[in-house]
>>> print(open('final08.cif').read())   # mmCIF, C-alpha atoms and all ligand atoms
data_upload
#
loop_
_atom_site.label_atom_id
_atom_site.label_comp_id
_atom_site.auth_asym_id
_atom_site.auth_seq_id
_atom_site.Cartn_x
_atom_site.Cartn_y
_atom_site.Cartn_z
CA MET A 162 -49.07 8.95 -8.09
CA THR A 163 -46.65 11.85 -8.33
CA ASN A 164 -43.89 12.22 -5.74
CA GLU A 165 -45.89 14.98 -4.05
CA GLU A 166 -48.95 12.74 -3.78
CA LEU A 167 -46.84 9.87 -2.48
CA ILE A 168 -45.28 12.09 0.19
CA HIS A 169 -48.73 13.36 1.20
CA GLU A 170 -50.11 9.79 1.47
CA ILE A 171 -47.06 8.57 3.40
CA GLN A 172 -47.52 11.40 5.95
CA ARG A 173 -51.24 10.64 6.24
CA LEU A 174 -50.73 6.89 6.76
CA LYS A 175 -47.91 7.57 9.20
CA SER A 176 -50.08 9.58 11.59
CA GLU A 177 -53.15 7.36 11.06
CA LYS A 178 -51.12 4.26 12.02
CA ASN A 179 -48.90 5.85 14.68
CA ALA A 180 -45.77 4.96 12.71
CA VAL A 181 -42.29 6.43 12.84
CA ILE A 182 -39.99 6.60 9.82
CA LEU A 183 -36.30 6.08 10.53
CA GLY A 184 -34.01 6.95 7.62
CA HIS A 185 -30.32 6.28 7.12
CA TYR A 186 -28.06 8.98 5.64
CA TYR A 187 -27.61 6.85 2.51
CA GLN A 188 -31.30 6.87 1.57
CA ILE A 189 -32.49 8.84 -1.46
CA ASP A 190 -32.93 12.57 -0.71
CA GLU A 191 -36.76 12.39 -0.77
CA ILE A 192 -36.82 9.68 1.92
CA GLN A 193 -34.31 11.53 4.10
CA ALA A 194 -36.44 14.68 3.78
CA LEU A 195 -39.60 12.99 5.07
CA SER A 196 -38.04 10.76 7.75
CA ASP A 197 -38.80 11.53 11.41
CA TYR A 198 -35.20 10.73 12.29
CA VAL A 199 -32.22 10.60 9.97
CA GLY A 200 -29.03 9.17 11.34
CA ASP A 201 -26.20 6.68 11.22
CA SER A 202 -26.73 3.07 12.26
CA LEU A 203 -25.95 3.72 15.95
CA ALA A 204 -28.31 6.70 16.27
CA LEU A 205 -31.11 4.88 14.44
CA ALA A 206 -30.72 1.78 16.62
CA ARG A 207 -31.19 4.00 19.67
CA GLU A 208 -34.23 5.72 18.17
CA ALA A 209 -35.73 2.31 17.41
CA GLN A 210 -35.09 1.22 21.00
CA LYS A 211 -36.84 4.16 22.61
CA THR A 212 -39.72 4.85 20.23
CA ASP A 213 -43.26 4.40 21.45
CA ALA A 214 -44.68 4.35 17.91
CA SER A 215 -46.64 1.18 17.05
CA ILE A 216 -44.90 0.75 13.69
CA ILE A 217 -41.25 1.41 12.82
CA VAL A 218 -40.66 1.86 9.09
CA PHE A 219 -36.95 1.38 8.66
CA CYS A 220 -35.62 3.11 5.57
CA GLY A 221 -32.21 1.56 5.46
CA VAL A 222 -31.01 -1.98 4.84
CA HIS A 223 -32.13 -5.33 6.22
CA PHE A 224 -29.61 -5.70 9.08
CA MET A 225 -30.61 -2.24 10.38
CA ALA A 226 -34.31 -3.14 10.40
CA GLU A 227 -33.47 -6.43 12.11
CA THR A 228 -31.53 -4.53 14.79
CA ALA A 229 -34.59 -2.32 15.34
CA LYS A 230 -36.78 -5.43 15.78
CA ILE A 231 -34.29 -7.01 18.18
CA LEU A 232 -34.19 -3.86 20.32
CA ASN A 233 -37.93 -3.26 20.27
CA PRO A 234 -39.59 -6.62 19.51
CA THR A 235 -43.14 -5.61 20.47
CA ARG A 236 -43.22 -3.11 17.59
CA LYS A 237 -44.07 -3.97 14.03
CA VAL A 238 -40.91 -3.27 11.99
CA LEU A 239 -41.28 -2.72 8.25
CA LEU A 240 -38.61 -2.49 5.56
CA PRO A 241 -39.80 -1.05 2.21
CA ASP A 242 -37.74 -3.58 0.21
CA MET A 243 -36.80 -6.92 1.79
CA ASP A 244 -33.99 -7.33 -0.75
CA ALA A 245 -32.18 -4.26 0.58
CA SER A 246 -29.23 -6.22 1.92
CA CYS A 247 -25.55 -5.34 2.45
CA SER A 248 -22.41 -6.99 1.05
CA LEU A 249 -20.94 -7.18 4.56
CA ALA A 250 -24.01 -8.88 6.01
CA GLU A 251 -23.97 -11.28 3.05
CA SER A 252 -20.32 -12.20 3.59
CA CYS A 253 -20.97 -14.61 6.49
CA ASN A 254 -23.78 -16.43 8.23
CA GLY A 255 -24.10 -17.94 11.69
CA GLU A 256 -22.55 -21.23 10.66
CA ASP A 257 -19.53 -19.49 9.09
CA ILE A 258 -18.85 -17.69 12.36
CA ARG A 259 -19.36 -20.85 14.43
CA ASN A 260 -16.76 -22.62 12.25
CA PHE A 261 -14.40 -19.63 12.37
CA LYS A 262 -14.61 -19.58 16.18
CA LYS A 263 -13.53 -23.24 16.27
CA GLN A 264 -10.29 -22.23 14.52
CA TYR A 265 -9.54 -19.60 17.17
CA PRO A 266 -10.31 -21.04 20.61
CA GLY A 267 -10.23 -18.54 23.46
CA HIS A 268 -11.24 -15.63 21.23
CA ILE A 269 -14.31 -13.47 21.77
CA VAL A 270 -16.26 -12.27 18.72
CA VAL A 271 -16.78 -8.56 18.15
CA SER A 272 -19.06 -7.98 15.18
CA TYR A 273 -19.69 -4.81 13.27
CA VAL A 274 -23.42 -4.06 13.31
CA ASN A 275 -23.49 -4.67 9.53
CA CYS A 276 -24.25 -8.37 9.97
CA SER A 277 -27.31 -10.59 10.23
CA ALA A 278 -29.19 -11.37 13.46
CA GLU A 279 -27.75 -14.89 13.22
CA VAL A 280 -24.19 -13.54 13.29
CA LYS A 281 -25.07 -11.14 16.11
CA ALA A 282 -26.35 -14.13 18.08
CA GLU A 283 -22.87 -15.72 17.75
CA SER A 284 -21.14 -12.52 18.91
CA ASP A 285 -20.03 -11.27 22.32
CA LEU A 286 -20.14 -7.59 21.46
CA ILE A 287 -21.49 -5.49 18.59
CA CYS A 288 -19.93 -2.22 17.46
CA THR A 289 -20.61 0.43 14.86
CA SER A 290 -18.08 2.51 12.97
CA GLY A 291 -18.92 5.30 15.43
CA ASN A 292 -17.85 3.44 18.58
CA ALA A 293 -15.59 0.56 17.43
CA GLU A 294 -12.26 2.10 18.44
CA LYS A 295 -13.41 3.12 21.93
CA LEU A 296 -15.15 -0.21 22.60
CA ILE A 297 -12.10 -2.24 21.56
CA ASN A 298 -9.85 0.00 23.66
CA ALA A 299 -12.13 -0.62 26.65
CA LEU A 300 -11.61 -4.40 26.48
CA PRO A 301 -8.75 -5.80 28.61
CA PRO A 302 -5.54 -5.74 26.53
CA GLU A 303 -5.03 -9.50 26.77
CA THR A 304 -8.46 -10.23 25.22
CA LYS A 305 -8.14 -12.30 22.07
CA ILE A 306 -10.61 -11.02 19.50
CA ILE A 307 -12.16 -12.16 16.25
CA PHE A 308 -13.54 -9.17 14.36
CA ALA A 309 -16.27 -9.75 11.76
CA PRO A 310 -17.31 -9.16 9.07
CA ASP A 311 -15.45 -6.03 7.80
CA LYS A 312 -11.72 -6.59 7.31
CA ASN A 313 -11.20 -2.91 6.41
CA LEU A 314 -12.81 -1.54 9.57
CA GLY A 315 -11.10 -4.30 11.61
CA GLY A 316 -7.71 -3.49 10.05
CA TYR A 317 -8.22 0.20 10.74
CA ILE A 318 -9.12 -0.49 14.39
CA ASN A 319 -6.08 -2.78 14.71
CA SER A 320 -3.88 0.09 13.46
CA LYS A 321 -5.47 2.58 15.88
CA THR A 322 -5.48 0.36 18.97
CA GLY A 323 -2.36 -1.76 18.44
CA ARG A 324 -4.49 -4.92 18.75
CA ASN A 325 -4.06 -7.95 16.58
CA MET A 326 -7.68 -8.95 16.01
CA VAL A 327 -8.31 -11.88 13.69
CA LEU A 328 -10.33 -10.51 10.77
CA TRP A 329 -13.17 -12.11 8.84
CA ASN A 330 -12.59 -11.51 5.13
CA GLY A 331 -15.64 -9.35 4.30
CA VAL A 332 -15.86 -5.93 2.68
CA CYS A 333 -18.39 -3.28 1.80
CA THR A 334 -18.26 -3.42 -2.00
CA VAL A 335 -19.11 0.28 -2.26
CA HIS A 336 -16.33 1.58 0.01
CA ASP A 337 -13.75 -1.10 -0.77
CA SER A 338 -13.78 -0.35 -4.48
CA MET A 339 -12.84 3.32 -4.03
CA GLU A 340 -9.25 3.82 -5.15
CA ALA A 341 -6.47 5.81 -3.50
CA GLU A 342 -5.04 6.69 -6.91
CA ASN A 343 -8.32 8.29 -7.90
CA ILE A 344 -8.37 10.33 -4.69
CA LEU A 345 -4.78 11.44 -5.21
CA LYS A 346 -5.73 12.70 -8.70
CA MET A 347 -8.68 14.56 -7.18
CA LYS A 348 -6.36 16.08 -4.56
CA ILE A 349 -4.00 17.35 -7.26
CA ALA A 350 -6.93 18.89 -9.15
CA ASN A 351 -8.34 20.35 -5.90
CA PRO A 352 -5.35 21.25 -3.71
CA ASP A 353 -7.59 23.16 -1.28
CA ALA A 354 -9.82 20.11 -0.58
CA VAL A 355 -9.81 17.98 2.56
CA VAL A 356 -10.40 14.22 2.19
CA VAL A 357 -12.83 12.58 4.61
CA ALA A 358 -13.33 8.80 4.52
CA HIS A 359 -15.43 6.09 6.12
CA PRO A 360 -13.36 3.32 7.77
CA GLU A 361 -15.01 0.75 5.49
CA CYS A 362 -12.70 2.07 2.73
CA ASN A 363 -9.57 0.06 1.99
CA GLY A 364 -6.31 0.83 3.83
CA ALA A 365 -4.74 2.67 0.85
CA VAL A 366 -7.68 5.12 0.73
CA LEU A 367 -7.56 5.66 4.49
CA LYS A 368 -3.83 6.46 4.24
CA VAL A 369 -4.43 9.32 1.79
CA SER A 370 -7.37 10.70 3.80
CA ASP A 371 -7.16 13.65 6.18
CA PHE A 372 -10.01 12.46 8.40
CA VAL A 373 -11.42 8.96 8.97
CA GLY A 374 -14.71 8.49 10.79
CA SER A 375 -18.25 7.18 10.82
CA THR A 376 -20.94 9.04 8.89
CA LYS A 377 -21.82 11.07 12.01
CA ALA A 378 -18.16 11.81 12.77
CA MET A 379 -17.61 13.04 9.20
CA LEU A 380 -20.67 15.28 9.46
CA ASN A 381 -19.40 16.78 12.72
CA TYR A 382 -15.89 17.23 11.35
CA ILE A 383 -17.11 19.07 8.25
CA LYS A 384 -19.46 21.29 10.26
CA GLU A 385 -16.64 22.38 12.54
CA SER A 386 -13.99 22.71 9.84
CA GLY A 387 -12.98 26.13 8.51
CA LYS A 388 -12.23 24.52 5.11
CA LYS A 389 -14.60 25.01 2.20
CA LYS A 390 -14.04 21.97 -0.05
CA PHE A 391 -14.24 18.26 0.78
CA ILE A 392 -13.55 15.06 -1.11
CA VAL A 393 -16.00 12.59 0.43
CA ALA A 394 -14.96 8.92 0.35
CA THR A 395 -18.23 7.34 1.36
CA GLU A 396 -21.71 6.68 -0.01
CA ALA A 397 -23.04 9.68 -1.94
CA GLY A 398 -26.37 9.85 -0.06
CA ILE A 399 -24.57 11.56 2.82
CA LEU A 400 -24.18 14.67 0.64
CA PHE A 401 -27.83 15.52 1.27
CA GLU A 402 -27.13 16.12 4.97
CA MET A 403 -23.68 17.63 4.34
CA LYS A 404 -25.10 20.23 1.94
CA LYS A 405 -28.05 20.94 4.23
CA ASN A 406 -25.72 21.65 7.17
CA ASN A 407 -23.07 23.47 5.14
CA PRO A 408 -24.62 25.41 2.25
CA ASP A 409 -21.40 27.41 1.83
CA LYS A 410 -19.18 24.34 1.37
CA GLU A 411 -18.43 22.21 -1.69
CA PHE A 412 -18.46 18.41 -1.81
CA LEU A 413 -16.93 16.04 -4.32
CA THR A 414 -17.74 12.32 -4.34
CA VAL A 415 -15.25 9.59 -5.11
CA SER A 416 -16.35 7.32 -7.92
CA ASN A 417 -15.54 3.65 -7.46
CA GLY A 418 -13.86 3.16 -10.79
CA GLU A 419 -15.13 0.69 -13.33
CA LYS A 420 -17.70 -0.90 -11.01
CA CYS A 421 -19.80 2.17 -10.36
CA ALA A 422 -19.20 5.82 -11.18
CA CYS A 423 -21.57 7.13 -8.56
CA ALA A 424 -20.39 5.91 -5.13
CA GLU A 425 -23.91 4.74 -4.41
CA CYS A 426 -25.00 1.67 -2.47
CA GLY A 427 -27.42 -0.23 -4.69
CA TYR A 428 -28.99 -1.85 -1.62
CA MET A 429 -29.67 1.46 0.14
CA LYS A 430 -31.17 2.87 -3.03
CA MET A 431 -33.67 0.00 -3.35
CA ASN A 432 -36.07 1.86 -1.07
CA THR A 433 -38.20 4.28 -3.08
CA LEU A 434 -41.09 6.58 -2.18
CA GLU A 435 -43.48 4.18 -3.87
CA LYS A 436 -42.21 1.16 -1.92
CA LEU A 437 -42.33 3.20 1.30
CA TYR A 438 -45.96 4.12 0.58
CA ASN A 439 -46.91 0.51 -0.29
CA CYS A 440 -45.23 -0.83 2.82
CA LEU A 441 -47.02 1.61 5.13
CA ARG A 442 -50.35 0.94 3.41
CA ASP A 443 -50.00 -2.87 3.48
CA GLU A 444 -47.90 -3.07 6.69
CA SER A 445 -45.60 -5.35 4.75
CA PRO A 446 -42.84 -6.47 4.19
CA GLU A 447 -42.40 -7.02 7.91
CA ILE A 448 -39.30 -8.16 9.80
CA VAL A 449 -40.23 -11.33 11.66
CA LEU A 450 -37.67 -12.99 13.93
CA ASP A 451 -37.77 -16.02 16.14
CA THR A 452 -37.99 -15.11 19.88
CA GLU A 453 -34.96 -17.20 20.79
CA LEU A 454 -32.89 -15.53 18.07
CA ILE A 455 -34.00 -12.10 19.30
CA GLU A 456 -32.87 -12.93 22.85
CA LYS A 457 -29.46 -14.21 21.69
CA ALA A 458 -28.81 -11.34 19.28
CA LYS A 459 -29.95 -8.74 21.78
CA ARG A 460 -27.26 -9.45 24.41
CA PRO A 461 -24.24 -8.16 22.42
CA ILE A 462 -26.20 -5.15 21.12
CA VAL A 463 -27.30 -4.14 24.62
CA ARG A 464 -23.72 -4.64 25.80
CA MET A 465 -22.61 -2.22 23.06
CA LEU A 466 -25.22 0.37 24.10
CA ASP A 467 -24.33 0.01 27.80
CA MET A 468 -20.59 0.31 27.13
CA SER A 469 -21.20 3.28 24.81
CA ALA A 470 -23.16 5.03 27.57
CA GLN A 471 -20.46 4.26 30.18
CA LEU A 472 -17.77 5.58 27.84
CA GLY A 473 -19.75 8.75 27.16
CA ILE A 474 -20.15 7.98 23.43
CA ILE A 475 -23.94 8.16 23.77
CA LYS A 476 -26.06 9.86 26.41
P1 LIG B 501 -22.81 4.01 9.72
O1 LIG B 501 -22.63 3.04 10.85
O2 LIG B 501 -21.75 5.07 9.73
O3 LIG B 501 -24.19 4.52 9.69
O4 LIG B 501 -22.55 3.23 8.37
C1 LIG B 501 -23.39 2.18 8.00
C2 LIG B 501 -23.03 1.69 6.67
O5 LIG B 501 -23.67 0.83 6.11
C3 LIG B 501 -21.84 2.24 6.07
O6 LIG B 501 -21.68 1.77 4.80
FE1 LIG B 502 -23.52 -2.40 3.28
FE2 LIG B 502 -21.72 -0.95 2.08
FE3 LIG B 502 -24.25 -0.59 1.49
FE4 LIG B 502 -23.29 0.21 3.87
S1 LIG B 502 -22.74 1.02 1.87
S2 LIG B 502 -25.18 -0.92 3.50
S3 LIG B 502 -21.79 -1.40 4.25
S4 LIG B 502 -23.05 -2.45 1.11
#
>>> encode(input="final08.cif", output="structure tokens", more="lines below")
Ligand code: 13P
Ligand code: SF4
Amino acid sequence: MTNEELIHEIQRLKSEKNAVILGHYYQIDEIQALSDYVGDSLALAREAQKTDASIIVFCGVHFMAETAKILNPTRKVLLPDMDASCSLAESCNGEDIRNFKKQYPGHIVVSYVNCSAEVKAESDLICTSGNAEKLINALPPETKIIFAPDKNLGGYINSKTGRNMVLWNGVCTVHDSMEAENILKMKIANPDAVVVAHPECNGAVLKVSDFVGSTKAMLNYIKESGKKKFIVATEAGILFEMKKNNPDKEFLTVSNGEKCACAECGYMKMNTLEKLYNCLRDESPEIVLDTELIEKAKRPIVRMLDMSAQLGIIK
């Protein structure tokens, strides 16, 4: 089938089956264009929670689809490619966190949403890059905290809040491999450009950036900025939304050196139109989770959503 035929069939199956397509900003342009909701991980988790569609097709990575299932377990949740993982989610499992906790008695565990359901079940609170700083600030100052699995986001939050959270040694391989030196060269070649970066980037990159924020925060910042050129230190898929919102502005991506010249997340790009069509047609691959695990993993996510509402981060 051609792309046009695939898109037509996906739309047909979607209404026939009362399905909703949730797409992350890092998905390929064609998937973002046909998604019912496009957003960052926090916004998509909320859409998944409130949808009354019978089927949620999650065009993102595995931990995001799992979060959707945890928040809305009576729905069938599909992920076009079950292998669409995440280097952060891969960096630790439930047992790793249980062992880590034993080394730090008296600590609570705050986990970045980029982790498996098993790790969420071992956590006291979940956060996203969009609410991490405010949630950590809202915890009593004497709280001892383990932060998993992203040491870059955790280090950034430590620097912003003055906390001394113990960090699990995980990274996003896409953001962590971006280099400050490369950005500095780009800045010299483009003196009028503003650098925006995701807090999953390493500390050296964050230091040379003008604005650090989640995907949504970067989008808002660029929309409101009077500047015309931006060096974007995050996954290149976000450029689809940036260009759509700001046709008069220019965007440059940061290559991550030797490892990949494209700043693309290989996991996010595993979902294709064809796999999306097959998954809607076959209602597979499906996220299936044990009821007990859902209950355990749900508590810290609901706590995050409740705290985010109390703090005015979400409505
Ligand atoms: P957001 O929480 O900003 O959507 O980011 C998710 C992610 O995987 C970033 O690499
Ligand atoms: Fe995970 Fe990084 Fe890909 Fe986001 S960009 S899904 S953090 S590997």
>>> atom_distance(input="final08.cif", atom1="atom CA of A:Leu328", atom2="atom CA of A:Leu345")
27.7 Å
>>> atom_distance(input="final08.cif", atom1="atom CA of A:Met379", atom2="atom CA of A:Ser252")
26.0 Å
>>> closest_residue(input="final08.cif", among="A:Glu396, A:Asp353, A:Glu303, A:Glu456", to="A:Pro234", atoms="all atoms listed in the file")
A:Glu456
>>> atom_distance(input="final08.cif", atom1="atom CA of A:Val393", atom2="atom CA of A:Asp409")
15.8 Å
>>> residues_near_ligand(input="final08.cif", ligand="ligand LIG 502 (chain B)", cutoff="6 Å", atoms="all atoms listed in the file", output="mmCIF file with C-alpha atoms, keeping the file's coordinate frame")
data_model
loop_
_atom_site.group_PDB
_atom_site.id
_atom_site.type_symbol
_atom_site.label_atom_id
_atom_site.label_comp_id
_atom_site.auth_asym_id
_atom_site.auth_seq_id
_atom_site.Cartn_x
_atom_site.Cartn_y
_atom_site.Cartn_z
ATOM 1 C CA CYS A 247 -25.550 -5.340 2.450
ATOM 2 C CA SER A 248 -22.410 -6.990 1.050
ATOM 3 C CA LEU A 249 -20.940 -7.180 4.560
ATOM 4 C CA CYS A 333 -18.390 -3.280 1.800
ATOM 5 C CA THR A 334 -18.260 -3.420 -2.000
ATOM 6 C CA VAL A 335 -19.110 0.280 -2.260
ATOM 7 C CA CYS A 426 -25.000 1.670 -2.470
ATOM 8 C CA TYR A 428 -28.990 -1.850 -1.620
ATOM 9 C CA MET A 429 -29.670 1.460 0.140
#
>>> closest_atom_pairs(input="final08.cif", of="chain A", to="ligand LIG 501 (chain B)", cutoff="6 Å", atoms="only C-alpha atoms and all ligand atoms", output="tab-separated table")
residue	atom	partner	partner_atom	distance
A:Asp201	CA	B:LIG501	O3	3.3
A:Ser202	CA	B:LIG501	O3	3.9
A:Thr289	CA	B:LIG501	O1	5.2
A:Ser290	CA	B:LIG501	O1	5.0
A:Ser375	CA	B:LIG501	O2	4.2
A:Thr376	CA	B:LIG501	O2	4.1
>>> closest_residue(input="final08.cif", among="A:Cys440, A:Ala424, A:Leu380, A:Cys276", to="A:Pro241", atoms="all atoms listed in the file")
A:Cys440
>>> closest_residue(input="final08.cif", among="A:Pro310, A:Pro461, A:Gly315, A:Gly387", to="A:Ala250", atoms="only C-alpha atoms")
A:Pro310
>>> residues_around(input="final08.cif", residues="A:Val271", least_positions_apart="2", cutoff="6 Å", atoms="all atoms listed in the file", output="list in words")
Ser284, Asp285, Leu286, Ile287 and Phe308 of chain A
>>> residues_around(input="final08.cif", residues="stretch 354-362 of chain A", least_positions_apart="6", cutoff="7 Å", atoms="all atoms listed in the file", output="PDB file with C-alpha atoms, in the coordinates of the input")
ATOM      1  CA  ASN A 313     -11.200  -2.910   6.410  1.00  0.00           C
ATOM      2  CA  LEU A 314     -12.810  -1.540   9.570  1.00  0.00           C
ATOM      3  CA  TYR A 317      -8.220   0.200  10.740  1.00  0.00           C
ATOM      4  CA  CYS A 333     -18.390  -3.280   1.800  1.00  0.00           C
ATOM      5  CA  HIS A 336     -16.330   1.580   0.010  1.00  0.00           C
ATOM      6  CA  ASP A 337     -13.750  -1.100  -0.770  1.00  0.00           C
ATOM      7  CA  MET A 339     -12.840   3.320  -4.030  1.00  0.00           C
ATOM      8  CA  LYS A 348      -6.360  16.080  -4.560  1.00  0.00           C
ATOM      9  CA  SER A 370      -7.370  10.700   3.800  1.00  0.00           C
ATOM     10  CA  ASP A 371      -7.160  13.650   6.180  1.00  0.00           C
ATOM     11  CA  PHE A 372     -10.010  12.460   8.400  1.00  0.00           C
ATOM     12  CA  VAL A 373     -11.420   8.960   8.970  1.00  0.00           C
ATOM     13  CA  GLY A 374     -14.710   8.490  10.790  1.00  0.00           C
ATOM     14  CA  SER A 375     -18.250   7.180  10.820  1.00  0.00           C
ATOM     15  CA  THR A 376     -20.940   9.040   8.890  1.00  0.00           C
ATOM     16  CA  MET A 379     -17.610  13.040   9.200  1.00  0.00           C
ATOM     17  CA  LYS A 390     -14.040  21.970  -0.050  1.00  0.00           C
ATOM     18  CA  PHE A 391     -14.240  18.260   0.780  1.00  0.00           C
ATOM     19  CA  ILE A 392     -13.550  15.060  -1.110  1.00  0.00           C
ATOM     20  CA  VAL A 393     -16.000  12.590   0.430  1.00  0.00           C
ATOM     21  CA  ALA A 394     -14.960   8.920   0.350  1.00  0.00           C
ATOM     22  CA  THR A 395     -18.230   7.340   1.360  1.00  0.00           C
TER      23      THR A 395
END
>>> closest_residue(input="final08.cif", among="A:Ile344, A:Cys253, A:Ala470, A:Ala378", to="A:Val332", atoms="only C-alpha atoms")
A:Cys253
>>> closest_residue(input="final08.cif", among="A:Gly255, A:Gly323, A:Gly427, A:Gly184", to="A:Ala282", atoms="all atoms listed in the file")
A:Gly255
>>> residues_around(input="final08.cif", residues="A:Leu167", least_positions_apart="3", cutoff="7 Å", atoms="all atoms listed in the file", output="compact mmCIF listing (two decimals) with C-alpha atoms, in the coordinates of the input")
# COMPACT_ATOMS: atom_id res chain seq x y z
CA MET A 162 -49.07 8.95 -8.09
CA THR A 163 -46.65 11.85 -8.33
CA ASN A 164 -43.89 12.22 -5.74
CA GLU A 170 -50.11 9.79 1.47
CA ILE A 171 -47.06 8.57 3.40
CA LEU A 434 -41.09 6.58 -2.18
CA GLU A 435 -43.48 4.18 -3.87
CA TYR A 438 -45.96 4.12 0.58
>>> closest_residue(input="final08.cif", among="A:Asn432, A:Gln172, A:Gln471, A:Asn406", to="A:Leu195", atoms="only C-alpha atoms")
A:Gln172
>>> build_atoms(input="final08.cif", residues="stretch 305-325 of chain A", atoms="N, CA and C atoms", output="PDB file, in the coordinates of the input")
ATOM      1  N   LYS A 305      -8.362 -11.869  23.460  1.00  0.00           N
ATOM      2  CA  LYS A 305      -8.140 -12.300  22.070  1.00  0.00           C
ATOM      3  C   LYS A 305      -9.457 -12.090  21.318  1.00  0.00           C
ATOM      4  N   ILE A 306      -9.370 -11.456  20.173  1.00  0.00           N
ATOM      5  CA  ILE A 306     -10.610 -11.020  19.500  1.00  0.00           C
ATOM      6  C   ILE A 306     -10.664 -11.461  18.037  1.00  0.00           C
ATOM      7  N   ILE A 307     -11.834 -11.981  17.675  1.00  0.00           N
ATOM      8  CA  ILE A 307     -12.160 -12.160  16.250  1.00  0.00           C
ATOM      9  C   ILE A 307     -13.024 -10.965  15.900  1.00  0.00           C
ATOM     10  N   PHE A 308     -12.720 -10.305  14.788  1.00  0.00           N
ATOM     11  CA  PHE A 308     -13.540  -9.170  14.360  1.00  0.00           C
ATOM     12  C   PHE A 308     -14.193  -9.525  13.021  1.00  0.00           C
ATOM     13  N   ALA A 309     -15.531  -9.408  12.988  1.00  0.00           N
ATOM     14  CA  ALA A 309     -16.270  -9.750  11.760  1.00  0.00           C
ATOM     15  C   ALA A 309     -17.299  -8.658  11.492  1.00  0.00           C
ATOM     16  N   PRO A 310     -17.820  -8.521  10.270  1.00  0.00           N
ATOM     17  CA  PRO A 310     -17.310  -9.160   9.070  1.00  0.00           C
ATOM     18  C   PRO A 310     -16.408  -8.232   8.222  1.00  0.00           C
ATOM     19  N   ASP A 311     -16.140  -6.979   8.683  1.00  0.00           N
ATOM     20  CA  ASP A 311     -15.450  -6.030   7.800  1.00  0.00           C
ATOM     21  C   ASP A 311     -13.947  -6.001   8.049  1.00  0.00           C
ATOM     22  N   LYS A 312     -13.174  -6.555   7.115  1.00  0.00           N
ATOM     23  CA  LYS A 312     -11.720  -6.590   7.310  1.00  0.00           C
ATOM     24  C   LYS A 312     -11.104  -5.187   7.223  1.00  0.00           C
ATOM     25  N   ASN A 313     -11.754  -4.271   6.494  1.00  0.00           N
ATOM     26  CA  ASN A 313     -11.200  -2.910   6.410  1.00  0.00           C
ATOM     27  C   ASN A 313     -11.372  -2.166   7.739  1.00  0.00           C
ATOM     28  N   LEU A 314     -12.586  -2.201   8.275  1.00  0.00           N
ATOM     29  CA  LEU A 314     -12.810  -1.540   9.570  1.00  0.00           C
ATOM     30  C   LEU A 314     -11.948  -2.222  10.637  1.00  0.00           C
ATOM     31  N   GLY A 315     -11.903  -3.569  10.624  1.00  0.00           N
ATOM     32  CA  GLY A 315     -11.100  -4.300  11.610  1.00  0.00           C
ATOM     33  C   GLY A 315      -9.626  -3.932  11.497  1.00  0.00           C
ATOM     34  N   GLY A 316      -9.120  -3.840  10.265  1.00  0.00           N
ATOM     35  CA  GLY A 316      -7.710  -3.490  10.050  1.00  0.00           C
ATOM     36  C   GLY A 316      -7.430  -2.075  10.541  1.00  0.00           C
ATOM     37  N   TYR A 317      -8.373  -1.198  10.291  1.00  0.00           N
ATOM     38  CA  TYR A 317      -8.220   0.200  10.740  1.00  0.00           C
ATOM     39  C   TYR A 317      -8.177   0.253  12.271  1.00  0.00           C
ATOM     40  N   ILE A 318      -9.086  -0.490  12.914  1.00  0.00           N
ATOM     41  CA  ILE A 318      -9.120  -0.490  14.390  1.00  0.00           C
ATOM     42  C   ILE A 318      -7.841  -1.136  14.933  1.00  0.00           C
ATOM     43  N   ASN A 319      -7.371  -2.190  14.286  1.00  0.00           N
ATOM     44  CA  ASN A 319      -6.080  -2.780  14.710  1.00  0.00           C
ATOM     45  C   ASN A 319      -4.986  -1.709  14.684  1.00  0.00           C
ATOM     46  N   SER A 320      -4.950  -0.923  13.592  1.00  0.00           N
ATOM     47  CA  SER A 320      -3.880   0.090  13.460  1.00  0.00           C
ATOM     48  C   SER A 320      -4.031   1.184  14.503  1.00  0.00           C
ATOM     49  N   LYS A 321      -5.251   1.504  14.900  1.00  0.00           N
ATOM     50  CA  LYS A 321      -5.470   2.580  15.880  1.00  0.00           C
ATOM     51  C   LYS A 321      -5.242   2.120  17.316  1.00  0.00           C
ATOM     52  N   THR A 322      -5.512   0.832  17.574  1.00  0.00           N
ATOM     53  CA  THR A 322      -5.480   0.360  18.970  1.00  0.00           C
ATOM     54  C   THR A 322      -4.245  -0.488  19.273  1.00  0.00           C
ATOM     55  N   GLY A 323      -3.517  -0.888  18.236  1.00  0.00           N
ATOM     56  CA  GLY A 323      -2.360  -1.760  18.440  1.00  0.00           C
ATOM     57  C   GLY A 323      -2.761  -3.209  18.730  1.00  0.00           C
ATOM     58  N   ARG A 324      -4.036  -3.529  18.528  1.00  0.00           N
ATOM     59  CA  ARG A 324      -4.490  -4.920  18.750  1.00  0.00           C
ATOM     60  C   ARG A 324      -4.133  -5.760  17.529  1.00  0.00           C
ATOM     61  N   ASN A 325      -4.334  -7.055  17.703  1.00  0.00           N
ATOM     62  CA  ASN A 325      -4.060  -7.950  16.580  1.00  0.00           C
ATOM     63  C   ASN A 325      -5.289  -8.828  16.370  1.00  0.00           C
TER      64      ASN A 325
END
